[in-house]
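S.K.: JSON, C-alpha atoms (C1' of nucleotides), saved as work-v1.json, coming up:
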[["chain", "number", "residue", "atom", "x", "y", "z"],
["O", 16, "MET", "CA", 43.31, 4.58, -44.84],
["O", 17, "LYS", "CA", 45.01, 2.58, -42.16],
["O", 18, "ASN", "CA", 43.15, 1.83, -38.98],
["O", 19, "LYS", "CA", 44.53, 4.01, -36.29],
["O", 20, "MET", "CA", 43.61, 2.10, -33.18],
["O", 21, "ALA", "CA", 42.93, -1.54, -33.94],
["O", 22, "PHE", "CA", 43.61, -2.73, -30.39],
["O", 23, "LYS", "CA", 42.11, -1.43, -27.21],
["O", 24, "ARG", "CA", 44.43, 0.47, -24.95],
["O", 25, "SER", "CA", 42.58, -0.51, -21.79],
["O", 26, "GLY", "CA", 39.22, -1.56, -20.46],
["O", 27, "CYS", "CA", 38.30, 1.97, -19.39],
["O", 28, "PRO", "CA", 35.13, 3.18, -21.16],
["O", 29, "ILE", "CA", 36.63, 6.64, -21.57],
["O", 30, "THR", "CA", 39.65, 5.15, -23.31],
["O", 31, "ASN", "CA", 37.46, 3.00, -25.53],
["O", 32, "SER", "CA", 35.42, 6.06, -26.47],
["O", 33, "LEU", "CA", 38.50, 8.14, -27.23],
["O", 34, "ASP", "CA", 39.94, 5.41, -29.43],
["O", 35, "ILE", "CA", 37.12, 6.33, -31.82],
["O", 36, "LEU", "CA", 36.38, 9.96, -30.94],
["O", 37, "GLY", "CA", 39.77, 11.25, -29.88],
["O", 38, "ASP", "CA", 40.76, 13.68, -32.60],
["O", 39, "LYS", "CA", 39.88, 17.16, -33.79],
["O", 40, "TRP", "CA", 37.38, 16.19, -36.49],
["O", 41, "THR", "CA", 35.30, 13.11, -35.65],
["O", 42, "LEU", "CA", 32.95, 14.77, -33.17],
["O", 43, "LEU", "CA", 32.49, 17.74, -35.51],
["O", 44, "VAL", "CA", 31.27, 15.39, -38.25],
["O", 45, "ILE", "CA", 28.93, 13.78, -35.72],
["O", 46, "ARG", "CA", 27.73, 17.25, -34.73],
["O", 47, "ASP", "CA", 26.86, 17.95, -38.37],
["O", 48, "LEU", "CA", 25.05, 14.61, -38.62],
["O", 49, "VAL", "CA", 23.05, 15.47, -35.51],
["O", 50, "PHE", "CA", 22.14, 18.76, -37.19],
["O", 51, "GLY", "CA", 20.71, 16.78, -40.08],
["O", 52, "LYS", "CA", 23.54, 17.02, -42.58],
["O", 53, "LYS", "CA", 23.81, 13.92, -44.71],
["O", 54, "ARG", "CA", 25.91, 14.56, -47.78],
["O", 55, "TYR", "CA", 29.61, 14.94, -48.44],
["O", 56, "GLN", "CA", 29.33, 18.49, -49.72],
["O", 57, "GLU", "CA", 27.25, 19.47, -46.71],
["O", 58, "PHE", "CA", 30.01, 18.36, -44.36],
["O", 59, "MET", "CA", 32.56, 20.10, -46.55],
["O", 60, "ALA", "CA", 30.56, 23.34, -46.25],
["O", 61, "SER", "CA", 30.95, 23.58, -42.47],
["O", 62, "SER", "CA", 32.83, 26.58, -41.22],
["O", 63, "GLU", "CA", 35.76, 24.57, -39.88],
["O", 64, "ARG", "CA", 36.87, 23.76, -43.43],
["O", 65, "ILE", "CA", 37.75, 20.10, -43.12],
["O", 66, "ALA", "CA", 40.07, 18.77, -45.81],
["O", 67, "SER", "CA", 38.45, 16.43, -48.30],
["O", 68, "ASN", "CA", 40.74, 13.48, -47.61],
["O", 69, "ILE", "CA", 40.27, 13.84, -43.84],
["O", 70, "LEU", "CA", 36.49, 13.89, -44.20],
["O", 71, "ALA", "CA", 36.52, 10.77, -46.38],
["O", 72, "ASP", "CA", 38.76, 9.04, -43.85],
["O", 73, "ARG", "CA", 36.56, 9.98, -40.89],
["O", 74, "LEU", "CA", 33.37, 8.89, -42.61],
["O", 75, "LYS", "CA", 34.95, 5.50, -43.31],
["O", 76, "GLN", "CA", 36.07, 5.15, -39.72],
["O", 77, "LEU", "CA", 32.64, 6.14, -38.45],
["O", 78, "GLU", "CA", 31.08, 3.54, -40.71],
["O", 79, "ALA", "CA", 33.60, 0.91, -39.59],
["O", 80, "SER", "CA", 32.82, 1.76, -35.96],
["O", 81, "ARG", "CA", 29.11, 1.51, -36.74],
["O", 82, "LEU", "CA", 28.28, 5.06, -35.75],
["O", 83, "VAL", "CA", 27.00, 5.93, -39.21],
["O", 84, "THR", "CA", 25.43, 4.12, -42.13],
["O", 85, "ARG", "CA", 26.29, 4.93, -45.73],
["O", 86, "ARG", "CA", 23.67, 4.41, -48.40],
["O", 87, "ALA", "CA", 23.07, 5.47, -51.97],
["O", 88, "TYR", "CA", 20.24, 7.96, -52.24],
["O", 89, "GLN", "CA", 20.27, 7.67, -56.04],
["O", 90, "GLN", "CA", 21.81, 5.67, -58.86],
["O", 91, "LYS", "CA", 23.22, 7.09, -62.10],
["O", 92, "PRO", "CA", 25.16, 8.81, -60.97],
["O", 93, "ALA", "CA", 25.66, 7.01, -57.69],
["O", 94, "ARG", "CA", 25.36, 9.45, -54.80],
["O", 95, "TYR", "CA", 25.61, 8.66, -51.14],
["O", 96, "GLU", "CA", 24.35, 9.92, -47.83],
["O", 97, "TYR", "CA", 25.31, 9.23, -44.25],
["O", 98, "VAL", "CA", 22.97, 8.73, -41.31],
["O", 99, "LEU", "CA", 23.69, 8.19, -37.63],
["O", 100, "THR", "CA", 23.01, 4.78, -36.16],
["O", 101, "GLU", "CA", 21.60, 4.41, -32.67],
["O", 102, "LYS", "CA", 25.17, 4.13, -31.42],
["O", 103, "GLY", "CA", 25.96, 7.42, -33.11],
["O", 104, "GLU", "CA", 22.83, 9.11, -31.78],
["O", 105, "GLY", "CA", 23.95, 7.96, -28.34],
["O", 106, "LEU", "CA", 26.68, 10.57, -28.47],
["O", 107, "LYS", "CA", 24.27, 13.47, -28.13],
["O", 108, "PRO", "CA", 24.83, 13.76, -24.36],
["O", 109, "VAL", "CA", 28.59, 14.00, -25.00],
["O", 110, "LEU", "CA", 28.01, 16.82, -27.51],
["O", 111, "ARG", "CA", 25.63, 18.56, -25.12],
["O", 112, "ALA", "CA", 28.22, 18.42, -22.34],
["O", 113, "LEU", "CA", 30.83, 19.88, -24.67],
["O", 114, "VAL", "CA", 28.48, 22.69, -25.66],
["O", 115, "VAL", "CA", 27.82, 23.54, -22.01],
["O", 116, "TRP", "CA", 31.52, 23.56, -21.19],
["O", 117, "GLY", "CA", 32.49, 25.44, -24.33],
["O", 118, "LYS", "CA", 29.87, 28.12, -23.74],
["O", 119, "ALA", "CA", 30.93, 28.49, -20.12],
["O", 120, "TYR", "CA", 34.63, 28.95, -20.80],
["O", 121, "PHE", "CA", 35.05, 30.43, -24.28],
["O", 122, "SER", "CA", 33.76, 33.94, -24.65],
["O", 123, "ILE", "CA", 34.47, 33.87, -28.36],
["O", 124, "THR", "CA", 31.74, 31.29, -28.79],
["O", 125, "LYS", "CA", 29.22, 32.80, -31.18],
["O", 126, "ILE", "CA", 27.13, 29.94, -32.42],
["O", 127, "THR", "CA", 25.18, 27.93, -29.90],
["O", 128, "PRO", "CA", 24.09, 24.60, -31.31],
["O", 129, "THR", "CA", 20.91, 23.14, -29.89],
["O", 130, "ILE", "CA", 21.45, 19.40, -29.77],
["L", 17, "MET", "CA", 56.37, 21.84, -27.81],
["L", 18, "LYS", "CA", 54.64, 23.81, -30.47],
["L", 19, "ASN", "CA", 51.09, 24.94, -29.93],
["L", 20, "LYS", "CA", 48.83, 22.81, -32.01],
["L", 21, "MET", "CA", 45.84, 25.04, -32.39],
["L", 22, "ALA", "CA", 46.64, 28.66, -31.64],
["L", 23, "PHE", "CA", 43.75, 30.08, -33.64],
["L", 24, "LYS", "CA", 40.11, 29.22, -33.28],
["L", 25, "ARG", "CA", 38.61, 27.29, -36.15],
["L", 26, "SER", "CA", 35.11, 28.66, -35.59],
["L", 27, "GLY", "CA", 32.79, 30.12, -32.99],
["L", 28, "CYS", "CA", 31.15, 26.78, -32.26],
["L", 29, "PRO", "CA", 31.57, 25.76, -28.60],
["L", 30, "ILE", "CA", 32.16, 22.15, -29.63],
["L", 31, "THR", "CA", 34.96, 23.23, -31.94],
["L", 32, "ASN", "CA", 36.47, 25.43, -29.25],
["L", 33, "SER", "CA", 36.36, 22.52, -26.82],
["L", 34, "LEU", "CA", 37.92, 20.11, -29.28],
["L", 35, "ASP", "CA", 40.74, 22.54, -30.02],
["L", 36, "ILE", "CA", 41.92, 21.73, -26.49],
["L", 37, "LEU", "CA", 40.50, 18.25, -25.86],
["L", 38, "GLY", "CA", 40.56, 16.71, -29.32],
["L", 39, "ASP", "CA", 43.23, 14.03, -29.11],
["L", 40, "LYS", "CA", 43.69, 10.58, -27.63],
["L", 41, "TRP", "CA", 45.44, 11.61, -24.40],
["L", 42, "THR", "CA", 44.22, 14.92, -22.98],
["L", 43, "LEU", "CA", 40.92, 13.65, -21.55],
["L", 44, "LEU", "CA", 42.68, 10.60, -20.09],
["L", 45, "VAL", "CA", 45.01, 12.86, -18.14],
["L", 46, "ILE", "CA", 42.00, 14.85, -16.97],
["L", 47, "ARG", "CA", 40.31, 11.58, -15.98],
["L", 48, "ASP", "CA", 43.35, 10.73, -13.83],
["L", 49, "LEU", "CA", 43.26, 14.21, -12.28],
["L", 50, "VAL", "CA", 39.57, 13.75, -11.46],
["L", 51, "PHE", "CA", 40.50, 10.46, -9.78],
["L", 52, "GLY", "CA", 42.90, 12.37, -7.56],
["L", 53, "LYS", "CA", 46.19, 11.68, -9.30],
["L", 54, "LYS", "CA", 48.57, 14.59, -8.98],
["L", 55, "ARG", "CA", 52.11, 13.54, -9.80],
["L", 56, "TYR", "CA", 53.99, 12.75, -12.98],
["L", 57, "GLN", "CA", 54.72, 9.16, -12.02],
["L", 58, "GLU", "CA", 51.09, 8.60, -11.12],
["L", 59, "PHE", "CA", 49.99, 9.62, -14.61],
["L", 60, "MET", "CA", 52.76, 7.48, -16.07],
["L", 61, "ALA", "CA", 51.46, 4.48, -14.13],
["L", 62, "SER", "CA", 48.04, 4.46, -15.82],
["L", 63, "SER", "CA", 47.25, 1.39, -17.84],
["L", 64, "GLU", "CA", 47.22, 3.21, -21.18],
["L", 65, "ARG", "CA", 51.01, 3.67, -20.99],
["L", 66, "ILE", "CA", 51.38, 7.25, -22.15],
["L", 67, "ALA", "CA", 54.82, 8.20, -23.44],
["L", 68, "SER", "CA", 56.81, 10.49, -21.19],
["L", 69, "ASN", "CA", 57.24, 13.28, -23.73],
["L", 70, "ILE", "CA", 53.56, 13.19, -24.63],
["L", 71, "LEU", "CA", 52.57, 13.46, -20.97],
["L", 72, "ALA", "CA", 54.89, 16.41, -20.42],
["L", 73, "ASP", "CA", 53.49, 18.10, -23.50],
["L", 74, "ARG", "CA", 49.85, 17.55, -22.48],
["L", 75, "LEU", "CA", 50.44, 18.82, -18.96],
["L", 76, "LYS", "CA", 51.97, 21.98, -20.41],
["L", 77, "GLN", "CA", 49.06, 22.47, -22.76],
["L", 78, "LEU", "CA", 46.56, 21.89, -19.96],
["L", 79, "GLU", "CA", 48.36, 24.47, -17.86],
["L", 80, "ALA", "CA", 48.44, 26.93, -20.77],
["L", 81, "SER", "CA", 44.71, 26.40, -21.29],
["L", 82, "ARG", "CA", 44.15, 26.94, -17.57],
["L", 83, "LEU", "CA", 42.61, 23.56, -16.94],
["L", 84, "VAL", "CA", 45.30, 22.59, -14.45],
["L", 85, "THR", "CA", 47.63, 24.35, -12.04],
["L", 86, "ARG", "CA", 51.21, 23.23, -11.52],
["L", 87, "ARG", "CA", 52.77, 23.82, -8.13],
["L", 88, "ALA", "CA", 55.80, 22.63, -6.21],
["L", 89, "TYR", "CA", 54.84, 20.39, -3.33],
["L", 90, "GLN", "CA", 58.42, 20.43, -2.03],
["L", 91, "GLN", "CA", 61.73, 22.18, -2.55],
["L", 92, "LYS", "CA", 65.16, 20.54, -2.69],
["L", 93, "PRO", "CA", 64.64, 18.69, -4.78],
["L", 94, "ALA", "CA", 61.89, 20.61, -6.50],
["L", 95, "ARG", "CA", 58.92, 18.34, -7.06],
["L", 96, "TYR", "CA", 55.66, 19.31, -8.71],
["L", 97, "GLU", "CA", 52.04, 18.33, -8.65],
["L", 98, "TYR", "CA", 49.10, 19.13, -10.86],
["L", 99, "VAL", "CA", 45.58, 20.05, -9.75],
["L", 100, "LEU", "CA", 42.46, 20.77, -11.77],
["L", 101, "THR", "CA", 41.18, 24.33, -11.88],
["L", 102, "GLU", "CA", 37.47, 25.06, -11.82],
["L", 103, "LYS", "CA", 37.57, 25.09, -15.62],
["L", 104, "GLY", "CA", 39.14, 21.63, -15.53],
["L", 105, "GLU", "CA", 36.63, 20.34, -12.99],
["L", 106, "GLY", "CA", 33.94, 21.61, -15.32],
["L", 107, "LEU", "CA", 34.75, 18.75, -17.66],
["L", 108, "LYS", "CA", 33.31, 16.11, -15.33],
["L", 109, "PRO", "CA", 29.96, 16.04, -17.19],
["L", 110, "VAL", "CA", 31.85, 15.39, -20.43],
["L", 111, "LEU", "CA", 33.72, 12.49, -18.83],
["L", 112, "ARG", "CA", 30.50, 11.13, -17.35],
["L", 113, "ALA", "CA", 28.81, 11.21, -20.74],
["L", 114, "LEU", "CA", 31.77, 9.38, -22.26],
["L", 115, "VAL", "CA", 31.59, 6.73, -19.52],
["L", 116, "VAL", "CA", 27.88, 6.19, -20.13],
["L", 117, "TRP", "CA", 28.40, 5.87, -23.88],
["L", 118, "GLY", "CA", 31.50, 3.71, -23.55],
["L", 119, "LYS", "CA", 29.78, 1.35, -21.14],
["L", 120, "ALA", "CA", 26.73, 1.09, -23.39],
["L", 121, "TYR", "CA", 28.61, 0.24, -26.56],
["L", 122, "PHE", "CA", 31.86, -1.50, -25.62],
["L", 123, "SER", "CA", 31.42, -4.91, -24.07],
["L", 124, "ILE", "CA", 35.14, -5.13, -23.40],
["L", 125, "THR", "CA", 34.83, -2.33, -20.89],
["L", 126, "LYS", "CA", 36.04, -3.73, -17.59],
["L", 127, "ILE", "CA", 36.74, -0.77, -15.40],
["L", 128, "THR", "CA", 33.90, 1.59, -14.61],
["L", 129, "PRO", "CA", 35.15, 4.90, -13.31],
["L", 130, "THR", "CA", 32.87, 6.75, -10.93],
["L", 131, "ILE", "CA", 33.28, 10.41, -11.73],
["D", 11, "DT", "C1'", 81.17, 6.97, -4.16],
["D", 12, "DG", "C1'", 77.53, 4.87, -6.09],
["D", 13, "DC", "C1'", 72.51, 3.86, -6.48],
["D", 14, "DG", "C1'", 67.65, 5.15, -6.45],
["D", 15, "DT", "C1'", 63.85, 8.47, -7.13],
["D", 16, "DT", "C1'", 61.29, 12.15, -9.46],
["D", 17, "DA", "C1'", 60.34, 14.97, -13.15],
["D", 18, "DC", "C1'", 61.22, 15.71, -16.95],
["D", 19, "DT", "C1'", 64.10, 16.46, -22.04],
["D", 20, "DT", "C1'", 66.28, 14.94, -26.36],
["D", 21, "DG", "C1'", 66.94, 12.26, -30.67],
["D", 22, "DC", "C1'", 65.06, 10.07, -34.21],
["D", 23, "DA", "C1'", 62.09, 7.04, -36.94],
["D", 24, "DT", "C1'", 57.29, 6.31, -37.94],
["D", 25, "DT", "C1'", 52.64, 7.91, -38.54],
["D", 26, "DT", "C1'", 49.17, 11.21, -39.39],
["D", 27, "DC", "C1'", 47.60, 15.60, -41.08],
["D", 28, "DG", "C1'", 46.33, 18.75, -44.45],
["D", 29, "DA", "C1'", 46.38, 21.76, -48.74],
["D", 30, "DA", "C1'", 45.96, 21.29, -53.47],
["D", 31, "DA", "C1'", 45.25, 18.89, -57.46],
["D", 32, "DG", "C1'", 43.27, 15.02, -59.85],
["D", 33, "DC", "C1'", 39.74, 11.42, -61.01],
["D", 34, "DT", "C1'", 35.12, 9.26, -62.40],
["D", 35, "DA", "C1'", 30.52, 9.29, -63.71],
["D", 36, "DT", "C1'", 26.75, 11.77, -65.19],
["D", 37, "DA", "C1'", 23.86, 15.95, -66.16],
["D", 38, "DA", "C1'", 23.27, 20.40, -67.97],
["D", 39, "DT", "C1'", 24.41, 23.95, -71.14],
["D", 40, "DA", "C1'", 26.31, 26.39, -75.38],
["S", 19, "DT", "C1'", 28.75, 17.71, -80.15],
["S", 20, "DA", "C1'", 31.94, 19.94, -77.02],
["S", 21, "DT", "C1'", 32.39, 22.16, -72.83],
["S", 22, "DT", "C1'", 31.30, 23.03, -68.18],
["S", 23, "DA", "C1'", 29.30, 21.73, -63.75],
["S", 24, "DT", "C1'", 28.36, 18.69, -59.82],
["S", 25, "DA", "C1'", 29.06, 15.03, -56.35],
["S", 26, "DG", "C1'", 31.93, 12.10, -54.07],
["S", 27, "DC", "C1'", 35.71, 10.95, -53.45],
["S", 28, "DT", "C1'", 41.46, 9.68, -54.18],
["S", 29, "DT", "C1'", 46.32, 10.87, -54.75],
["S", 30, "DT", "C1'", 50.50, 13.37, -53.83],
["S", 31, "DC", "C1'", 53.73, 15.17, -50.83],
["S", 32, "DG", "C1'", 55.70, 18.36, -47.37],
["S", 33, "DA", "C1'", 54.85, 19.48, -42.55],
["S", 34, "DA", "C1'", 53.58, 18.36, -38.00],
["S", 35, "DA", "C1'", 52.54, 15.03, -34.33],
["S", 36, "DT", "C1'", 53.45, 10.67, -32.17],
["S", 37, "DG", "C1'", 56.00, 7.35, -29.63],
["S", 38, "DC", "C1'", 59.94, 4.55, -28.17],
["S", 39, "DA", "C1'", 64.33, 4.67, -26.01],
["S", 40, "DA", "C1'", 67.81, 6.89, -23.85],
["S", 41, "DG", "C1'", 69.62, 10.76, -21.38],
["S", 42, "DT", "C1'", 69.67, 14.63, -17.85],
["S", 43, "DA", "C1'", 69.37, 17.19, -13.28],
["S", 44, "DA", "C1'", 68.86, 17.55, -8.48],
["S", 45, "DC", "C1'", 68.73, 15.50, -4.50],
["S", 46, "DG", "C1'", 68.48, 11.61, -0.54],
["S", 47, "DC", "C1'", 70.38, 7.57, 1.23],
["S", 48, "DA", "C1'", 73.79, 3.75, 2.26]]
Would you mind writing the structure in this file as structure tokens?
M.R.:
Amino acid sequence: MKNKMAFKRSGCPITNSLDILGDKWTLLVIRDLVFGKKRYQEFMASSERIASNILADRLKQLEASRLVTRRAYQQKPARYEYVLTEKGEGLKPVLRALVVWGKAYFSITKITPTI
Amino acid sequence: MKNKMAFKRSGCPITNSLDILGDKWTLLVIRDLVFGKKRYQEFMASSERIASNILADRLKQLEASRLVTRRAYQQKPARYEYVLTEKGEGLKPVLRALVVWGKAYFSITKITPTI
DNA sequence: TGCGTTACTTGCATTTCGAAAGCTATAATA
DNA sequence: TATTATAGCTTTCGAAATGCAAGTAACGCA
């Protein structure tokens, strides 16, 4: 994993946010975390079918950006879970706004997450 | 330009939204449009220094997704401008949420857009 | 005739994505 | 004891996206 955006492109808060969130998967992982998912296989089970390597990469980036915390929930064998930090929880309004917009403009929307 | 996400990955409104908005540039172009920028060179002048081909591609995608309208503001020579549709304007709450989050968690944020 | 402006397009090297297969440690089962 | 299963990843490699630089087209102006 190489860091994708080590420098800041500008001082704009939108730009700073997109440097972390600006791709097709990161906010979906955060959505799952908001829904209470914690484990690797739970994220893998989502209907968007994220590739294993992409998920691992995103979880590492989210940890590096301090949006999630990784901790072992058991030893032998070591198993891990991911939890949103306060910074990560702070993205709920962004997700809510996306839900509102998505519902308003995509008729194919079937599932309506309550965040 | 090939279309990046012709099919829908799921019925989730967040997923549907990210199929259009999920990259590092699209929401920045929309931010500029919200600020009243209309012309190619105005978008090019933004401090994030978008590449010319990427800008052209994003404007085409935004038009295809019906978030912006392209129209000639003069003939001979033909010159074009871009304006947000209602669907595009509908993204303001998303941008506002990103500004709030970006301001809260990035100290390096200098510019504070008022959307 | 030559230069500047606007709105792009093209070429090409680098980077990222993504599907599939593989790996490691341990538990459960035959 | 050997095999299979489970969880949490990592590796490989071809395809697609990105981004820098240069080029193009149509016109106005000097």
S.K.: Residues at most 12 Å from DA25 of chain S, counting all atoms listed in the file, excluding those fewer than 3 positions away in the same chain, as a list in words?
M.R.: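 In the requested form, the answer reads Arg54, Tyr55, Gln56, Glu57, Met59, Gln89, Lys91, Pro92, Ala93, Arg94, Tyr95 and Glu96 of chain O; DT34, DA35, DT36 and DA37 of chain D.
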S.K.: How would chain O read as an mmCIF file with C-alpha atoms, in the frame of the given file after a least-squares superposition onto chain L over every Cα atom, matched in order?
M.R.:
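Contents of the output file selection-v8.cif:
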data_model
loop_
_atom_site.group_PDB
_atom_site.id
_atom_site.type_symbol
_atom_site.label_atom_id
_atom_site.label_comp_id
_atom_site.auth_asym_id
_atom_site.auth_seq_id
_atom_site.Cartn_x
_atom_site.Cartn_y
_atom_site.Cartn_z
ATOM 1 C CA MET O 16 56.383 22.003 -27.731
ATOM 2 C CA LYS O 17 54.670 23.999 -30.406
ATOM 3 C CA ASN O 18 51.127 25.132 -29.857
ATOM 4 C CA LYS O 19 48.895 23.008 -31.955
ATOM 5 C CA MET O 20 45.857 25.197 -32.336
ATOM 6 C CA ALA O 21 46.674 28.828 -31.677
ATOM 7 C CA PHE O 22 43.717 30.175 -33.657
ATOM 8 C CA LYS O 23 40.105 29.237 -33.305
ATOM 9 C CA ARG O 24 38.629 27.272 -36.145
ATOM 10 C CA SER O 25 35.130 28.630 -35.614
ATOM 11 C CA GLY O 26 32.815 30.086 -33.028
ATOM 12 C CA CYS O 27 31.160 26.739 -32.313
ATOM 13 C CA PRO O 28 31.586 25.730 -28.647
ATOM 14 C CA ILE O 29 32.163 22.121 -29.664
ATOM 15 C CA THR O 30 34.983 23.195 -31.959
ATOM 16 C CA ASN O 31 36.491 25.398 -29.272
ATOM 17 C CA SER O 32 36.362 22.495 -26.829
ATOM 18 C CA LEU O 33 37.949 20.081 -29.287
ATOM 19 C CA ASP O 34 40.763 22.510 -30.029
ATOM 20 C CA ILE O 35 41.917 21.714 -26.487
ATOM 21 C CA LEU O 36 40.492 18.238 -25.866
ATOM 22 C CA GLY O 37 40.567 16.697 -29.315
ATOM 23 C CA ASP O 38 43.216 14.010 -29.104
ATOM 24 C CA LYS O 39 43.686 10.562 -27.624
ATOM 25 C CA TRP O 40 45.421 11.592 -24.397
ATOM 26 C CA THR O 41 44.204 14.907 -22.967
ATOM 27 C CA LEU O 42 40.913 13.648 -21.549
ATOM 28 C CA LEU O 43 42.650 10.591 -20.085
ATOM 29 C CA VAL O 44 45.001 12.865 -18.130
ATOM 30 C CA ILE O 45 41.978 14.855 -16.961
ATOM 31 C CA ARG O 46 40.305 11.590 -15.961
ATOM 32 C CA ASP O 47 43.326 10.742 -13.805
ATOM 33 C CA LEU O 48 43.245 14.219 -12.255
ATOM 34 C CA VAL O 49 39.565 13.761 -11.442
ATOM 35 C CA PHE O 50 40.499 10.473 -9.773
ATOM 36 C CA GLY O 51 42.881 12.390 -7.544
ATOM 37 C CA LYS O 52 46.178 11.714 -9.273
ATOM 38 C CA LYS O 53 48.553 14.628 -8.975
ATOM 39 C CA ARG O 54 52.087 13.588 -9.794
ATOM 40 C CA TYR O 55 53.960 12.809 -12.981
ATOM 41 C CA GLN O 56 54.717 9.227 -12.023
ATOM 42 C CA GLU O 57 51.091 8.652 -11.092
ATOM 43 C CA PHE O 58 49.971 9.639 -14.577
ATOM 44 C CA MET O 59 52.738 7.521 -16.054
ATOM 45 C CA ALA O 60 51.451 4.517 -14.079
ATOM 46 C CA SER O 61 48.041 4.487 -15.773
ATOM 47 C CA SER O 62 47.248 1.407 -17.768
ATOM 48 C CA GLU O 63 47.215 3.206 -21.112
ATOM 49 C CA ARG O 64 50.989 3.671 -20.935
ATOM 50 C CA ILE O 65 51.357 7.241 -22.114
ATOM 51 C CA ALA O 66 54.802 8.162 -23.406
ATOM 52 C CA SER O 67 56.779 10.481 -21.167
ATOM 53 C CA ASN O 68 57.218 13.233 -23.747
ATOM 54 C CA ILE O 69 53.505 13.167 -24.628
ATOM 55 C CA LEU O 70 52.514 13.460 -20.974
ATOM 56 C CA ALA O 71 54.854 16.414 -20.436
ATOM 57 C CA ASP O 72 53.444 18.080 -23.543
ATOM 58 C CA ARG O 73 49.826 17.552 -22.484
ATOM 59 C CA LEU O 74 50.418 18.832 -18.972
ATOM 60 C CA LYS O 75 51.946 22.000 -20.424
ATOM 61 C CA GLN O 76 49.025 22.473 -22.772
ATOM 62 C CA LEU O 77 46.547 21.905 -19.961
ATOM 63 C CA GLU O 78 48.356 24.492 -17.878
ATOM 64 C CA ALA O 79 48.444 26.932 -20.803
ATOM 65 C CA SER O 80 44.707 26.400 -21.313
ATOM 66 C CA ARG O 81 44.160 26.958 -17.595
ATOM 67 C CA LEU O 82 42.609 23.577 -16.934
ATOM 68 C CA VAL O 83 45.303 22.612 -14.449
ATOM 69 C CA THR O 84 47.648 24.371 -12.067
ATOM 70 C CA ARG O 85 51.227 23.249 -11.530
ATOM 71 C CA ARG O 86 52.849 23.846 -8.172
ATOM 72 C CA ALA O 87 55.865 22.619 -6.269
ATOM 73 C CA TYR O 88 54.890 20.403 -3.367
ATOM 74 C CA GLN O 89 58.470 20.440 -2.059
ATOM 75 C CA GLN O 90 61.827 22.094 -2.624
ATOM 76 C CA LYS O 91 65.205 20.336 -2.687
ATOM 77 C CA PRO O 92 64.666 18.513 -4.781
ATOM 78 C CA ALA O 93 61.955 20.465 -6.538
ATOM 79 C CA ARG O 94 58.924 18.260 -7.124
ATOM 80 C CA TYR O 95 55.676 19.258 -8.716
ATOM 81 C CA GLU O 96 52.030 18.345 -8.636
ATOM 82 C CA TYR O 97 49.095 19.170 -10.854
ATOM 83 C CA VAL O 98 45.584 20.085 -9.756
ATOM 84 C CA LEU O 99 42.458 20.791 -11.775
ATOM 85 C CA THR O 100 41.175 24.340 -11.896
ATOM 86 C CA GLU O 101 37.465 25.071 -11.852
ATOM 87 C CA LYS O 102 37.575 25.084 -15.643
ATOM 88 C CA GLY O 103 39.112 21.630 -15.554
ATOM 89 C CA GLU O 104 36.617 20.342 -12.997
ATOM 90 C CA GLY O 105 33.912 21.599 -15.345
ATOM 91 C CA LEU O 106 34.740 18.734 -17.666
ATOM 92 C CA LYS O 107 33.304 16.110 -15.346
ATOM 93 C CA PRO O 108 29.958 16.013 -17.192
ATOM 94 C CA VAL O 109 31.847 15.368 -20.451
ATOM 95 C CA LEU O 110 33.715 12.460 -18.825
ATOM 96 C CA ARG O 111 30.489 11.119 -17.342
ATOM 97 C CA ALA O 112 28.817 11.188 -20.756
ATOM 98 C CA LEU O 113 31.762 9.333 -22.259
ATOM 99 C CA VAL O 114 31.595 6.705 -19.526
ATOM 100 C CA VAL O 115 27.882 6.163 -20.155
ATOM 101 C CA TRP O 116 28.409 5.838 -23.893
ATOM 102 C CA GLY O 117 31.496 3.672 -23.550
ATOM 103 C CA LYS O 118 29.775 1.303 -21.138
ATOM 104 C CA ALA O 119 26.736 1.068 -23.392
ATOM 105 C CA TYR O 120 28.620 0.208 -26.566
ATOM 106 C CA PHE O 121 31.869 -1.529 -25.616
ATOM 107 C CA SER O 122 31.429 -4.914 -24.045
ATOM 108 C CA ILE O 123 35.141 -5.155 -23.388
ATOM 109 C CA THR O 124 34.833 -2.356 -20.866
ATOM 110 C CA LYS O 125 36.035 -3.767 -17.563
ATOM 111 C CA ILE O 126 36.733 -0.804 -15.367
ATOM 112 C CA THR O 127 33.894 1.545 -14.584
ATOM 113 C CA PRO O 128 35.144 4.866 -13.291
ATOM 114 C CA THR O 129 32.848 6.717 -10.933
ATOM 115 C CA ILE O 130 33.281 10.387 -11.732
#
S.K.: Set out as a Markdown table a contact list for chain S and chain O with a cut-off of 9 Å, giving each residue of chain S that qualifies its closest atom pair and distance in Å to one decimal, counting all atoms listed in the file, ordered by chain and rising residue number.
M.R.:
| residue | atom | partner | partner_atom | distance |
| --- | --- | --- | --- | --- |
| S:DA25 | C1' | O:Arg94 | CA | 6.9 |
| S:DG26 | C1' | O:Tyr55 | CA | 6.7 |
| S:DC27 | C1' | O:Ala71 | CA | 7.1 |
| S:DT28 | C1' | O:Asn68 | CA | 7.6 |
S.K.: Write out, as a PDB file, in the coordinates of the input, the residues just selected, with C-alpha atoms (C1' of nucleotides).
M.R.:
ATOM      1  C1'  DA S  25      29.060  15.030 -56.350  1.00  0.00           C
ATOM      2  C1'  DG S  26      31.930  12.100 -54.070  1.00  0.00           C
ATOM      3  C1'  DC S  27      35.710  10.950 -53.450  1.00  0.00           C
ATOM      4  C1'  DT S  28      41.460   9.680 -54.180  1.00  0.00           C
TER       5       DT S  28
END
S.K.: Select residues of chain O: the criterion is any atom within 10 Å of an atom of chain L, counting all atoms listed in the file; output as a VMD selection string.
M.R.: chain O and resid 23 to 43 46 61 to 64 102 to 103 105 to 128
